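Structure file data_34.tsv with TSV, N, CA and C atoms:
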```
chain	number	residue	atom	x	y	z
A	7	MET	N	8.49	-13.32	12.96
A	7	MET	CA	8.45	-13.56	11.52
A	7	MET	C	8.87	-12.28	10.80
A	8	SER	N	9.74	-12.41	9.84
A	8	SER	CA	10.21	-11.27	9.07
A	8	SER	C	9.16	-10.80	8.08
A	9	LYS	N	9.10	-9.50	7.87
A	9	LYS	CA	8.20	-8.95	6.87
A	9	LYS	C	8.74	-9.24	5.48
A	10	GLY	N	7.86	-9.12	4.50
A	10	GLY	CA	8.25	-9.28	3.10
A	10	GLY	C	7.98	-7.99	2.36
A	11	TYR	N	8.72	-7.80	1.29
A	11	TYR	CA	8.60	-6.58	0.50
A	11	TYR	C	8.63	-6.92	-0.98
A	12	ILE	N	7.87	-6.18	-1.74
A	12	ILE	CA	7.99	-6.20	-3.19
A	12	ILE	C	8.46	-4.81	-3.58
A	13	ILE	N	9.58	-4.78	-4.28
A	13	ILE	CA	10.20	-3.53	-4.71
A	13	ILE	C	10.19	-3.52	-6.23
A	14	GLY	N	9.70	-2.44	-6.79
A	14	GLY	CA	9.66	-2.33	-8.25
A	14	GLY	C	10.33	-1.05	-8.72
A	15	HIS	N	11.04	-1.17	-9.81
A	15	HIS	CA	11.65	-0.03	-10.49
A	15	HIS	C	11.11	-0.05	-11.91
A	16	VAL	N	10.54	1.06	-12.35
A	16	VAL	CA	9.76	1.08	-13.58
A	16	VAL	C	10.08	2.32	-14.41
A	17	THR	N	10.19	2.13	-15.72
A	17	THR	CA	10.22	3.24	-16.67
A	17	THR	C	9.09	2.99	-17.67
A	18	LEU	N	8.20	3.96	-17.75
A	18	LEU	CA	7.00	3.82	-18.59
A	18	LEU	C	7.29	4.08	-20.06
A	19	GLN	N	6.68	3.27	-20.90
A	19	GLN	CA	6.65	3.54	-22.33
A	19	GLN	C	5.26	4.06	-22.76
A	20	ASN	N	4.22	3.62	-22.03
A	20	ASN	CA	2.86	4.05	-22.32
A	20	ASN	C	2.16	4.34	-20.98
A	21	ALA	N	2.26	5.58	-20.54
A	21	ALA	CA	1.73	5.96	-19.24
A	21	ALA	C	0.23	5.77	-19.14
A	22	GLU	N	-0.49	6.04	-20.20
A	22	GLU	CA	-1.95	5.92	-20.17
A	22	GLU	C	-2.36	4.46	-19.97
A	23	ALA	N	-1.77	3.54	-20.70
A	23	ALA	CA	-2.09	2.12	-20.56
A	23	ALA	C	-1.65	1.59	-19.20
A	24	TYR	N	-0.56	2.11	-18.67
A	24	TYR	CA	-0.03	1.66	-17.37
A	24	TYR	C	-1.01	1.93	-16.24
A	25	LYS	N	-1.84	2.96	-16.37
A	25	LYS	CA	-2.82	3.28	-15.34
A	25	LYS	C	-3.72	2.09	-15.03
A	26	ALA	N	-4.05	1.29	-16.04
A	26	ALA	CA	-4.89	0.11	-15.83
A	26	ALA	C	-4.19	-0.90	-14.92
A	27	TYR	N	-2.88	-1.01	-15.06
A	27	TYR	CA	-2.11	-1.90	-14.18
A	27	TYR	C	-2.23	-1.46	-12.73
A	28	VAL	N	-2.04	-0.19	-12.46
A	28	VAL	CA	-2.12	0.32	-11.09
A	28	VAL	C	-3.53	0.13	-10.53
A	29	THR	N	-4.54	0.46	-11.32
A	29	THR	CA	-5.92	0.34	-10.87
A	29	THR	C	-6.27	-1.11	-10.54
A	30	ARG	N	-5.84	-2.02	-11.40
A	30	ARG	CA	-6.22	-3.42	-11.22
A	30	ARG	C	-5.35	-4.15	-10.20
A	31	ASN	N	-4.08	-3.74	-10.02
A	31	ASN	CA	-3.24	-4.46	-9.06
A	31	ASN	C	-3.50	-4.05	-7.62
A	32	THR	N	-3.99	-2.85	-7.40
A	32	THR	CA	-4.16	-2.33	-6.05
A	32	THR	C	-5.04	-3.24	-5.18
A	33	PRO	N	-6.23	-3.66	-5.62
A	33	PRO	CA	-7.02	-4.54	-4.75
A	33	PRO	C	-6.42	-5.93	-4.58
A	34	ILE	N	-5.68	-6.41	-5.57
A	34	ILE	CA	-5.05	-7.72	-5.44
A	34	ILE	C	-3.94	-7.65	-4.38
A	35	ILE	N	-3.13	-6.61	-4.45
A	35	ILE	CA	-2.06	-6.43	-3.45
A	35	ILE	C	-2.67	-6.30	-2.06
A	36	ALA	N	-3.72	-5.52	-1.93
A	36	ALA	CA	-4.37	-5.32	-0.63
A	36	ALA	C	-4.93	-6.64	-0.09
A	37	SER	N	-5.40	-7.52	-0.96
A	37	SER	CA	-5.97	-8.79	-0.51
A	37	SER	C	-4.91	-9.69	0.15
A	38	TYR	N	-3.64	-9.43	-0.11
A	38	TYR	CA	-2.54	-10.16	0.53
A	38	TYR	C	-1.95	-9.35	1.70
A	39	GLY	N	-2.59	-8.28	2.06
A	39	GLY	CA	-2.12	-7.45	3.17
A	39	GLY	C	-1.02	-6.48	2.78
A	40	GLY	N	-0.79	-6.29	1.48
A	40	GLY	CA	0.26	-5.39	1.03
A	40	GLY	C	-0.08	-3.94	1.29
A	41	ARG	N	0.90	-3.19	1.78
A	41	ARG	CA	0.73	-1.78	2.08
A	41	ARG	C	1.80	-0.99	1.33
A	42	PRO	N	1.40	0.05	0.60
A	42	PRO	CA	2.40	0.84	-0.12
A	42	PRO	C	3.21	1.71	0.84
A	43	LEU	N	4.52	1.59	0.76
A	43	LEU	CA	5.42	2.48	1.50
A	43	LEU	C	5.96	3.56	0.59
A	44	VAL	N	6.18	3.19	-0.67
A	44	VAL	CA	6.65	4.11	-1.71
A	44	VAL	C	5.85	3.78	-2.95
A	45	ARG	N	5.30	4.81	-3.57
A	45	ARG	CA	4.55	4.58	-4.83
A	45	ARG	C	4.71	5.84	-5.66
A	46	GLY	N	5.84	5.89	-6.38
A	46	GLY	CA	6.14	7.08	-7.18
A	46	GLY	C	6.84	8.11	-6.32
A	47	GLY	N	6.71	9.34	-6.69
A	47	GLY	CA	7.33	10.42	-5.93
A	47	GLY	C	8.71	10.78	-6.48
A	48	ALA	N	9.26	11.84	-5.95
A	48	ALA	CA	10.57	12.31	-6.39
A	48	ALA	C	11.64	11.28	-6.04
A	49	SER	N	12.61	11.14	-6.93
A	49	SER	CA	13.71	10.20	-6.68
A	49	SER	C	14.93	10.61	-7.48
A	50	GLU	N	16.07	10.07	-7.09
A	50	GLU	CA	17.32	10.24	-7.81
A	50	GLU	C	17.92	8.86	-8.03
A	51	ASN	N	18.65	8.69	-9.11
A	51	ASN	CA	19.35	7.44	-9.41
A	51	ASN	C	20.85	7.72	-9.47
A	52	PRO	N	21.53	7.82	-8.34
A	52	PRO	CA	22.95	8.14	-8.39
A	52	PRO	C	23.83	7.00	-8.90
A	53	GLU	N	23.33	5.75	-8.86
A	53	GLU	CA	24.11	4.61	-9.33
A	53	GLU	C	23.20	3.58	-9.96
A	54	GLY	N	23.75	2.77	-10.83
A	54	GLY	CA	23.03	1.64	-11.40
A	54	GLY	C	22.09	2.01	-12.51
A	55	PRO	N	21.30	1.01	-12.95
A	55	PRO	CA	20.34	1.25	-14.04
A	55	PRO	C	19.36	2.35	-13.67
A	56	GLN	N	19.00	3.15	-14.63
A	56	GLN	CA	18.11	4.28	-14.40
A	56	GLN	C	16.66	3.89	-14.66
A	57	PHE	N	15.81	4.11	-13.66
A	57	PHE	CA	14.37	3.92	-13.78
A	57	PHE	C	13.71	5.20	-13.31
A	58	GLU	N	12.50	5.48	-13.81
A	58	GLU	CA	11.86	6.76	-13.47
A	58	GLU	C	10.85	6.65	-12.33
A	59	ARG	N	10.42	5.47	-11.99
A	59	ARG	CA	9.38	5.28	-10.97
A	59	ARG	C	9.80	4.13	-10.06
A	60	HIS	N	9.52	4.28	-8.76
A	60	HIS	CA	9.91	3.26	-7.79
A	60	HIS	C	8.74	3.00	-6.85
A	61	VAL	N	8.55	1.73	-6.49
A	61	VAL	CA	7.48	1.35	-5.56
A	61	VAL	C	8.03	0.35	-4.55
A	62	VAL	N	7.51	0.43	-3.34
A	62	VAL	CA	7.83	-0.54	-2.29
A	62	VAL	C	6.53	-0.88	-1.59
A	63	PHE	N	6.20	-2.17	-1.55
A	63	PHE	CA	5.04	-2.65	-0.81
A	63	PHE	C	5.52	-3.54	0.33
A	64	GLU	N	4.96	-3.33	1.51
A	64	GLU	CA	5.31	-4.13	2.68
A	64	GLU	C	4.20	-5.14	2.95
A	65	PHE	N	4.61	-6.35	3.32
A	65	PHE	CA	3.70	-7.43	3.68
A	65	PHE	C	4.07	-7.94	5.06
A	66	ASP	N	3.14	-8.56	5.75
A	66	ASP	CA	3.43	-9.08	7.09
A	66	ASP	C	4.47	-10.20	7.07
A	67	SER	N	4.63	-10.86	5.92
A	67	SER	CA	5.62	-11.94	5.81
A	67	SER	C	6.13	-12.04	4.38
A	68	TYR	N	7.30	-12.65	4.27
A	68	TYR	CA	7.87	-12.94	2.95
A	68	TYR	C	6.94	-13.87	2.17
A	69	ALA	N	6.34	-14.84	2.87
A	69	ALA	CA	5.43	-15.79	2.22
A	69	ALA	C	4.26	-15.06	1.57
A	70	GLN	N	3.72	-14.03	2.24
A	70	GLN	CA	2.62	-13.27	1.64
A	70	GLN	C	3.07	-12.51	0.41
A	71	ALA	N	4.24	-11.90	0.47
A	71	ALA	CA	4.76	-11.16	-0.69
A	71	ALA	C	4.95	-12.11	-1.87
A	72	LYS	N	5.54	-13.26	-1.61
A	72	LYS	CA	5.78	-14.25	-2.67
A	72	LYS	C	4.46	-14.79	-3.22
A	73	ALA	N	3.51	-15.05	-2.34
A	73	ALA	CA	2.20	-15.55	-2.78
A	73	ALA	C	1.50	-14.54	-3.67
A	74	LEU	N	1.58	-13.26	-3.31
A	74	LEU	CA	0.98	-12.23	-4.17
A	74	LEU	C	1.62	-12.25	-5.54
A	75	TYR	N	2.94	-12.25	-5.59
A	75	TYR	CA	3.62	-12.22	-6.89
A	75	TYR	C	3.26	-13.45	-7.73
A	76	ASP	N	3.13	-14.61	-7.10
A	76	ASP	CA	2.84	-15.85	-7.82
A	76	ASP	C	1.37	-16.04	-8.16
A	77	ASP	N	0.49	-15.23	-7.60
A	77	ASP	CA	-0.95	-15.36	-7.83
A	77	ASP	C	-1.27	-15.18	-9.31
A	78	PRO	N	-1.99	-16.13	-9.91
A	78	PRO	CA	-2.33	-16.00	-11.34
A	78	PRO	C	-3.10	-14.72	-11.67
A	79	ALA	N	-3.92	-14.25	-10.75
A	79	ALA	CA	-4.65	-13.00	-10.99
A	79	ALA	C	-3.68	-11.83	-11.09
A	80	TYR	N	-2.68	-11.80	-10.21
A	80	TYR	CA	-1.68	-10.74	-10.29
A	80	TYR	C	-0.86	-10.88	-11.56
A	81	GLN	N	-0.45	-12.09	-11.89
A	81	GLN	CA	0.37	-12.29	-13.08
A	81	GLN	C	-0.36	-11.85	-14.35
A	82	GLU	N	-1.67	-12.05	-14.38
A	82	GLU	CA	-2.46	-11.58	-15.53
A	82	GLU	C	-2.39	-10.05	-15.63
A	83	VAL	N	-2.56	-9.37	-14.50
A	83	VAL	CA	-2.49	-7.91	-14.48
A	83	VAL	C	-1.06	-7.43	-14.75
A	84	ALA	N	-0.07	-8.16	-14.25
A	84	ALA	CA	1.33	-7.77	-14.44
A	84	ALA	C	1.70	-7.71	-15.91
A	85	GLN	N	0.98	-8.44	-16.74
A	85	GLN	CA	1.28	-8.39	-18.18
A	85	GLN	C	1.04	-7.00	-18.74
A	86	ILE	N	0.11	-6.26	-18.15
A	86	ILE	CA	-0.11	-4.86	-18.57
A	86	ILE	C	1.17	-4.06	-18.36
A	87	ARG	N	1.79	-4.24	-17.17
A	87	ARG	CA	3.06	-3.56	-16.89
A	87	ARG	C	4.13	-3.98	-17.88
A	88	ARG	N	4.25	-5.26	-18.10
A	88	ARG	CA	5.28	-5.76	-19.01
A	88	ARG	C	5.10	-5.23	-20.43
A	89	ASP	N	3.84	-5.05	-20.84
A	89	ASP	CA	3.55	-4.57	-22.18
A	89	ASP	C	3.77	-3.06	-22.34
A	90	ASN	N	3.79	-2.33	-21.23
A	90	ASN	CA	3.80	-0.87	-21.31
A	90	ASN	C	4.92	-0.18	-20.54
A	91	ALA	N	5.86	-0.97	-20.02
A	91	ALA	CA	6.95	-0.41	-19.23
A	91	ALA	C	8.14	-1.36	-19.22
A	92	THR	N	9.30	-0.82	-18.93
A	92	THR	CA	10.48	-1.62	-18.61
A	92	THR	C	10.56	-1.64	-17.09
A	93	SER	N	10.72	-2.82	-16.50
A	93	SER	CA	10.69	-2.87	-15.05
A	93	SER	C	11.62	-3.93	-14.48
A	94	MET	N	11.93	-3.77	-13.22
A	94	MET	CA	12.64	-4.76	-12.44
A	94	MET	C	11.86	-4.91	-11.15
A	95	ILE	N	11.48	-6.15	-10.82
A	95	ILE	CA	10.70	-6.42	-9.62
A	95	ILE	C	11.52	-7.34	-8.72
A	96	VAL	N	11.53	-7.04	-7.42
A	96	VAL	CA	12.25	-7.86	-6.45
A	96	VAL	C	11.29	-8.21	-5.32
A	97	VAL	N	11.26	-9.49	-4.95
A	97	VAL	CA	10.53	-9.95	-3.77
A	97	VAL	C	11.60	-10.29	-2.74
A	98	VAL	N	11.54	-9.64	-1.57
A	98	VAL	CA	12.64	-9.78	-0.61
A	98	VAL	C	12.11	-9.92	0.82
A	99	GLU	N	12.84	-10.69	1.62
A	99	GLU	CA	12.52	-10.84	3.02
A	99	GLU	C	13.19	-9.73	3.82
A	100	GLY	N	12.47	-9.15	4.75
A	100	GLY	CA	13.03	-8.10	5.60
A	100	GLY	C	13.86	-8.71	6.73
A	101	VAL	N	14.47	-7.84	7.50
A	101	VAL	CA	15.28	-8.29	8.64
A	101	VAL	C	14.53	-8.11	9.93
```
Target format structure tokens, applied to this file:
Amino acid sequence: MSKGYIIGHVTLQNAEAYKAYVTRNTPIIASYGGRPLVRGGASENPEGPQFERHVVFEFDSYAQAKALYDDPAYQEVAQIRRDNATSMIVVVEGV
């Protein structure tokens, strides 16, 4: 079975408010077996749209990654991100 990943690219408009998103999403992601591979850190954007923060979460399956994203509890918390940042989120199956 292929692993699943959630990849996020984020530029903050309100860093203080965004902290609540990180605090509240962490246990929800963990409940689906999500593990952070990348969560911030130094980065460069040599091509494409420019974002300041990047995250990658690995899941045991694509179905788990998709289920996490579709979970109403996560979607409620995700509104904090939407209200305080510009972002692009991708749910993808690994090889």
With all atoms listed in the file counted and 7 Å as the cut-off, give the residues of segment 11-64 of chain A in contact with segment 91-97 of chain A, each with its shortest interatomic distance in Å and the pair that gives it, as a Markdown table.
```
| residue | atom | partner | partner_atom | distance |
| --- | --- | --- | --- | --- |
| A:Tyr11 | C | A:Val97 | CA | 4.5 |
| A:Ile12 | CA | A:Val96 | C | 4.4 |
| A:Ile13 | C | A:Val96 | N | 3.9 |
| A:Gly14 | CA | A:Ile95 | CA | 4.4 |
| A:His15 | C | A:Met94 | N | 4.0 |
| A:Val16 | CA | A:Ser93 | CA | 4.3 |
| A:Thr17 | C | A:Thr92 | N | 4.0 |
| A:Leu18 | CA | A:Ala91 | CA | 4.3 |
| A:Gln19 | N | A:Ala91 | CA | 4.1 |
| A:Asn20 | N | A:Ala91 | N | 5.3 |
| A:Tyr24 | CA | A:Ala91 | N | 7.0 |
```
**OP:** Rounded to one decimal place, report the atom CA of Ser8 of chain A-atom C of Thr32 of chain A distance in Å.
**Re:**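 It comes out at 22.4 Å.
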So that I can see what lies close to Gly40 of chain A, please list as an mmCIF file with N, CA and C atoms, in the frame of the given file the residues with an atom at most 7 Å from it, counting all atoms listed in the file and leaving out residues fewer than 4 positions away in the same chain.
```cif
data_model
loop_
_atom_site.group_PDB
_atom_site.id
_atom_site.type_symbol
_atom_site.label_atom_id
_atom_site.label_comp_id
_atom_site.auth_asym_id
_atom_site.auth_seq_id
_atom_site.Cartn_x
_atom_site.Cartn_y
_atom_site.Cartn_z
ATOM 1 N N ILE A 34 -5.680 -6.410 -5.570
ATOM 2 C CA ILE A 34 -5.050 -7.720 -5.440
ATOM 3 C C ILE A 34 -3.940 -7.650 -4.380
ATOM 4 N N ILE A 35 -3.130 -6.610 -4.450
ATOM 5 C CA ILE A 35 -2.060 -6.430 -3.450
ATOM 6 C C ILE A 35 -2.670 -6.300 -2.060
ATOM 7 N N ALA A 36 -3.720 -5.520 -1.930
ATOM 8 C CA ALA A 36 -4.370 -5.320 -0.630
ATOM 9 C C ALA A 36 -4.930 -6.640 -0.090
ATOM 10 N N PHE A 63 6.200 -2.170 -1.550
ATOM 11 C CA PHE A 63 5.040 -2.650 -0.810
ATOM 12 C C PHE A 63 5.520 -3.540 0.330
ATOM 13 N N GLU A 64 4.960 -3.330 1.510
ATOM 14 C CA GLU A 64 5.310 -4.130 2.680
ATOM 15 C C GLU A 64 4.200 -5.140 2.950
ATOM 16 N N PHE A 65 4.610 -6.350 3.320
ATOM 17 C CA PHE A 65 3.700 -7.430 3.680
ATOM 18 C C PHE A 65 4.070 -7.940 5.060
ATOM 19 N N ASP A 66 3.140 -8.560 5.750
ATOM 20 C CA ASP A 66 3.430 -9.080 7.090
ATOM 21 C C ASP A 66 4.470 -10.200 7.070
#
```
**OP:** From a DSSP pass on the backbone, collect the residues of segment 46-77 of chain A flagged as strand (DSSP E or B) and hand them back as JSON, numbers by chain.
**Re:** {"A": [59, 60, 61, 62, 63, 64, 65]}
Original post:
Closest to Asp77 of chain A among A:Met7, A:Asn31, A:Arg59, A:Ala23, using only C-alpha atoms?
Top reply: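 Selected residue with least distance to Asp77 of chain A: A:Asn31.
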Original post:
With distances taken over only C-alpha atoms, which of A:Gly10, A:Ala21, A:Tyr38, A:Val98 is nearest to Leu74 of chain A?
Top reply: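 Result for the nearest residue to Leu74 of chain A: A:Tyr38.
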